[in-house]
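Scroll down for the structure; my scribbles are underneath it.
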Amino acid sequence: MIFPRKIQKELIKYVFSPEIIVLTGMRRVGKTTLYQSIFNSIESKNKAFFDLENPIVQKIFEEIDYNNIVLNLKEYGITSAEKAYIFLDEIQAMPSIVKVVKYLYDHVGFKFFLTGSSSFYLKNLFPESLAGRKFVFNLRPLDFEEFLTFKGIEKESFVDLIQRDRYKNFIRYQRLKGAYEEYLNYGGFPQVVLEEDITRKKMHLHDILKSYFEKDVQNLAKFREVQLFRDLLLLLIARVGSKLDIARLASELGTSRETIYSYLSFLQDTFFITLVPPFTGSMDKLVSKAKKGYFCDTGIVSEFAKVSDGALCENAVFNALSQFNNIHYYQRRSGREIDFILDSRIGIEVKLKGIPGDFERLKTISTTIGLPECYVVSKEFVDYEGIISVVDL
């Protein structure tokens, strides 16, 4: 059974537009499955789905004369006489395919759907000549609502944070808190979510990390010191949600600051981590300009490091808030802080059990720096205005 993803509704809007649709994201997040669902929904026989990790498939597109590729595609039922829909999965396996795509897009009018597992690679893969020809979307691991869908559990949907606060419900929280604990501990990779056996869940998480090292780190980055990269990754997992001291990380690992920066850049561009910068409002000076690091999936964090419940919950909340375009954190010299500031207008503080005082303090700081809206997100249910339950986020 193929389960729907939230991003699918957005992608469907562009199925019949002329632009090339590019779907990126980490390995194992479900890009291929999502595209297969969209492929099946297109009511046309003039379509084809190709896995470019298959060397036999690559032969179709290895012609010197690109017009011969059109002839090759006829063997798969594709004609240029009407609109054709070509799905190319894992394009990083065949870098030369981009020139083919551009030619067939410009001269034949084929509609292309592409997937790739690394923006690090895709940034170098797509030439400027494709500017204006493509729309790029990023697929992440399941959020909690998608997790519940995969589990067959129904849940009310809310439009915004105001509704999530207004319509909090203790009965709903009690019904969903067990599922949320599973989500926190094992994350949102679809293969892991659908696996019921705990041991096999852990095996899948280990296999995901192994695949990341084998296919992204070693093949794409070609770092000379993979063990050093691994050690940095483990340090970052253990410090999730903390401000990163680049000099200290370099000292602990016996390497240069430049190396740490290059590794962090790779981790970001392969969707493994996100670095959150400080909010640079003019009302107060910040302790530093250090960024905080969060991981794409709490299952990775939980399995490969011993972190506090608070840090794990904070990472999950960050992932739930990733729908916002700009996320920052704020901290005063006094130490008082706001975990997340969304689009320079909403303050979010994460607590295992929020209390009214937490919200009132957050409201005071938020008002001081000009934020019109703020909420405490609490792992435990608290029936107080301004405190949202994590299960409703």
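Scheme for the structure tokens: letters A, B, ... for chains in order shown; per-chain residue numbers from 1; ligand numbers from 1 in order shown.
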- Task: Pick out each residue of segment 212-361 of chain A that DSSP on the backbone tags as alpha helix (DSSP H); I need them as a PyMOL selection string.
- Result: chain A and resi 226-238+246-253+257-269+298-304+309-320+356-361
- Name the residues of segment 21-250 of chain A that come out as strand (DSSP E) in a backbone DSSP run; write them as a VMD selection string. chain A and resid 21 to 24 47 to 51 85 to 89 111 to 116 134 to 138
Could you please take those selected residues and save N, CA, C and O atoms as a compact mmCIF listing (two decimals), in the first residue's frame?
```txt
# COMPACT_ATOMS: atom_id res chain seq x y z
N ILE A 21 10.31 18.91 -12.75
CA ILE A 21 10.08 18.79 -11.31
C ILE A 21 11.20 17.96 -10.70
O ILE A 21 11.44 16.82 -11.11
N VAL A 22 11.91 18.54 -9.75
CA VAL A 22 13.03 17.87 -9.10
C VAL A 22 12.66 17.62 -7.64
O VAL A 22 12.31 18.55 -6.91
N LEU A 23 12.74 16.38 -7.22
CA LEU A 23 12.46 16.00 -5.83
C LEU A 23 13.75 15.53 -5.18
O LEU A 23 14.37 14.56 -5.62
N THR A 24 14.19 16.27 -4.16
CA THR A 24 15.43 15.92 -3.47
C THR A 24 15.12 15.47 -2.05
O THR A 24 13.99 15.55 -1.58
N LYS A 47 4.00 7.54 -20.92
CA LYS A 47 4.80 7.82 -19.72
C LYS A 47 5.72 6.64 -19.44
O LYS A 47 5.45 5.50 -19.85
N ALA A 48 6.83 6.93 -18.73
CA ALA A 48 7.79 5.87 -18.40
C ALA A 48 8.55 6.24 -17.14
O ALA A 48 8.78 7.44 -16.87
N PHE A 49 8.92 5.23 -16.37
CA PHE A 49 9.63 5.41 -15.10
C PHE A 49 10.96 4.66 -15.19
O PHE A 49 10.98 3.46 -15.43
N PHE A 50 12.09 5.37 -15.01
CA PHE A 50 13.41 4.76 -15.15
C PHE A 50 14.23 4.94 -13.87
O PHE A 50 14.28 6.04 -13.31
N ASP A 51 14.89 3.86 -13.45
CA ASP A 51 15.81 3.90 -12.32
C ASP A 51 17.23 4.01 -12.87
O ASP A 51 17.77 3.07 -13.43
N TYR A 85 5.56 11.97 -20.30
CA TYR A 85 5.94 12.15 -18.90
C TYR A 85 7.06 11.16 -18.58
O TYR A 85 6.83 9.96 -18.53
N ILE A 86 8.27 11.68 -18.33
CA ILE A 86 9.44 10.84 -18.10
C ILE A 86 9.92 11.02 -16.67
O ILE A 86 10.29 12.13 -16.25
N PHE A 87 9.90 9.93 -15.91
CA PHE A 87 10.37 9.94 -14.53
C PHE A 87 11.77 9.32 -14.48
O PHE A 87 11.96 8.17 -14.91
N LEU A 88 12.74 10.07 -13.95
CA LEU A 88 14.12 9.59 -13.84
C LEU A 88 14.51 9.58 -12.37
O LEU A 88 14.65 10.65 -11.74
N ASP A 89 14.70 8.40 -11.83
CA ASP A 89 14.97 8.22 -10.41
C ASP A 89 16.48 8.12 -10.17
O ASP A 89 17.19 7.43 -10.88
N LYS A 111 8.05 16.21 -20.54
CA LYS A 111 7.89 16.63 -19.15
C LYS A 111 8.71 15.68 -18.27
O LYS A 111 8.50 14.47 -18.31
N PHE A 112 9.64 16.24 -17.48
CA PHE A 112 10.52 15.40 -16.67
C PHE A 112 10.23 15.54 -15.18
O PHE A 112 9.95 16.63 -14.67
N PHE A 113 10.33 14.40 -14.51
CA PHE A 113 10.27 14.32 -13.05
C PHE A 113 11.57 13.64 -12.60
O PHE A 113 11.83 12.49 -12.96
N LEU A 114 12.38 14.34 -11.81
CA LEU A 114 13.69 13.82 -11.43
C LEU A 114 13.78 13.67 -9.92
O LEU A 114 13.18 14.44 -9.16
N THR A 115 14.52 12.67 -9.46
CA THR A 115 14.85 12.58 -8.04
C THR A 115 16.35 12.50 -7.87
O THR A 115 17.07 11.99 -8.73
N GLY A 116 16.82 13.03 -6.75
CA GLY A 116 18.23 12.96 -6.40
C GLY A 116 18.38 12.98 -4.90
O GLY A 116 17.61 13.64 -4.20
N LYS A 134 13.03 24.58 -14.01
CA LYS A 134 12.79 23.54 -13.01
C LYS A 134 12.20 24.13 -11.73
O LYS A 134 12.44 25.28 -11.37
N PHE A 135 11.43 23.28 -11.03
CA PHE A 135 10.98 23.55 -9.67
C PHE A 135 11.57 22.47 -8.78
O PHE A 135 11.49 21.28 -9.11
N VAL A 136 12.16 22.86 -7.65
CA VAL A 136 12.81 21.90 -6.76
C VAL A 136 12.03 21.79 -5.46
O VAL A 136 11.70 22.80 -4.82
N PHE A 137 11.75 20.56 -5.05
CA PHE A 137 11.05 20.27 -3.79
C PHE A 137 11.91 19.34 -2.94
O PHE A 137 12.64 18.50 -3.47
N ASN A 138 11.79 19.49 -1.64
CA ASN A 138 12.57 18.65 -0.71
C ASN A 138 11.64 17.78 0.11
O ASN A 138 10.70 18.28 0.74
```
- Task: Grab the atom CA of Leu228 of chain A to atom CA of Leu244 of chain A distance for me, in Å with one decimal place.
- Result: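 Atom CA of Leu228 of chain A sits 17.0 Å away from atom CA of Leu244 of chain A.
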- Task: Measure the distance from atom CA of Glu303 of chain A to atom CA of Leu205 of chain A in Å and round it to one decimal.
- Result: 7.6 Å
- Task: Do a neighbour search on segment 270-278 of chain A at 9 Å with only C-alpha atoms, toss out local chain neighbours closer than 5 positions, and write the hits as a PyMOL selection string.
- Result: chain A and resi 25-26+117-121+140+216+264-265+286+288-297+327-331+340
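Distance-wise, atom CA of Val217 of chain A and atom CA of Ala247 of chain A end up 23.0 Å apart.
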Excluding same-chain residues fewer than 3 positions from Asp343 of chain A, what lies within 8 Å of it counting only C-alpha atoms, as an mmCIF file with N, CA and C atoms, in the first residue's frame?
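Written file, around02.cif:
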```cif
data_model
loop_
_atom_site.group_PDB
_atom_site.id
_atom_site.type_symbol
_atom_site.label_atom_id
_atom_site.label_comp_id
_atom_site.auth_asym_id
_atom_site.auth_seq_id
_atom_site.Cartn_x
_atom_site.Cartn_y
_atom_site.Cartn_z
ATOM 1 N N PHE A 324 8.193 26.287 8.182
ATOM 2 C CA PHE A 324 8.439 27.726 8.167
ATOM 3 C C PHE A 324 9.721 28.026 7.393
ATOM 4 N N ASN A 325 9.722 29.148 6.681
ATOM 5 C CA ASN A 325 10.845 29.474 5.809
ATOM 6 C C ASN A 325 12.112 29.829 6.579
ATOM 7 N N ASN A 326 11.945 30.568 7.656
ATOM 8 C CA ASN A 326 13.104 31.032 8.421
ATOM 9 C C ASN A 326 12.951 30.669 9.890
ATOM 10 N N ILE A 327 13.927 29.936 10.419
ATOM 11 C CA ILE A 327 13.917 29.561 11.828
ATOM 12 C C ILE A 327 15.226 30.022 12.456
ATOM 13 N N ILE A 346 7.138 34.600 15.436
ATOM 14 C CA ILE A 346 6.558 33.667 16.409
ATOM 15 C C ILE A 346 7.662 33.062 17.260
#
```
- Query: Looking at A:Tyr183, A:Phe61, A:Tyr173, A:Tyr35, which one is nearest to Asn315 of chain A, with distances taken over only C-alpha atoms?
  - Reply: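 Closest candidate: A:Tyr183.
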Give me, as a PDB file with N, CA, C and O atoms, in the first residue's frame, all polymer residues having an atom no more than 8 Å from Ala320 of chain A, counting only C-alpha atoms and skipping those fewer than 4 positions away in the same chain.
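Result written to selection20.pdb:
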```pdb
ATOM      1  N   ASP A 143       6.603  13.545   9.133  1.00  0.00           N
ATOM      2  CA  ASP A 143       6.285  14.283  10.341  1.00  0.00           C
ATOM      3  C   ASP A 143       5.294  13.443  11.146  1.00  0.00           C
ATOM      4  O   ASP A 143       4.896  12.348  10.725  1.00  0.00           O
ATOM      5  N   PHE A 144       4.884  13.941  12.318  1.00  0.00           N
ATOM      6  CA  PHE A 144       4.068  13.099  13.191  1.00  0.00           C
ATOM      7  C   PHE A 144       2.702  12.795  12.579  1.00  0.00           C
ATOM      8  O   PHE A 144       2.192  11.674  12.718  1.00  0.00           O
ATOM      9  N   ALA A 316      12.647  17.012  17.666  1.00  0.00           N
ATOM     10  CA  ALA A 316      11.383  16.639  17.015  1.00  0.00           C
ATOM     11  C   ALA A 316      10.519  17.870  16.744  1.00  0.00           C
ATOM     12  O   ALA A 316       9.890  17.985  15.684  1.00  0.00           O
ATOM     13  N   LEU A 393       1.347  19.302  17.279  1.00  0.00           N
ATOM     14  CA  LEU A 393       2.244  20.109  16.452  1.00  0.00           C
ATOM     15  C   LEU A 393       2.417  19.430  15.096  1.00  0.00           C
ATOM     16  O   LEU A 393       2.790  19.941  14.156  1.00  0.00           O
TER      17      LEU A 393
END
```
- Message: List as a PyMOL selection string the protein and nucleic acid residues near Arg248 of chain A, meaning an atom at most 10 Å away when only C-alpha atoms are counted, but skip any in the same chain fewer than 5 places from it.
- Response: chain A and resi 253-254+257
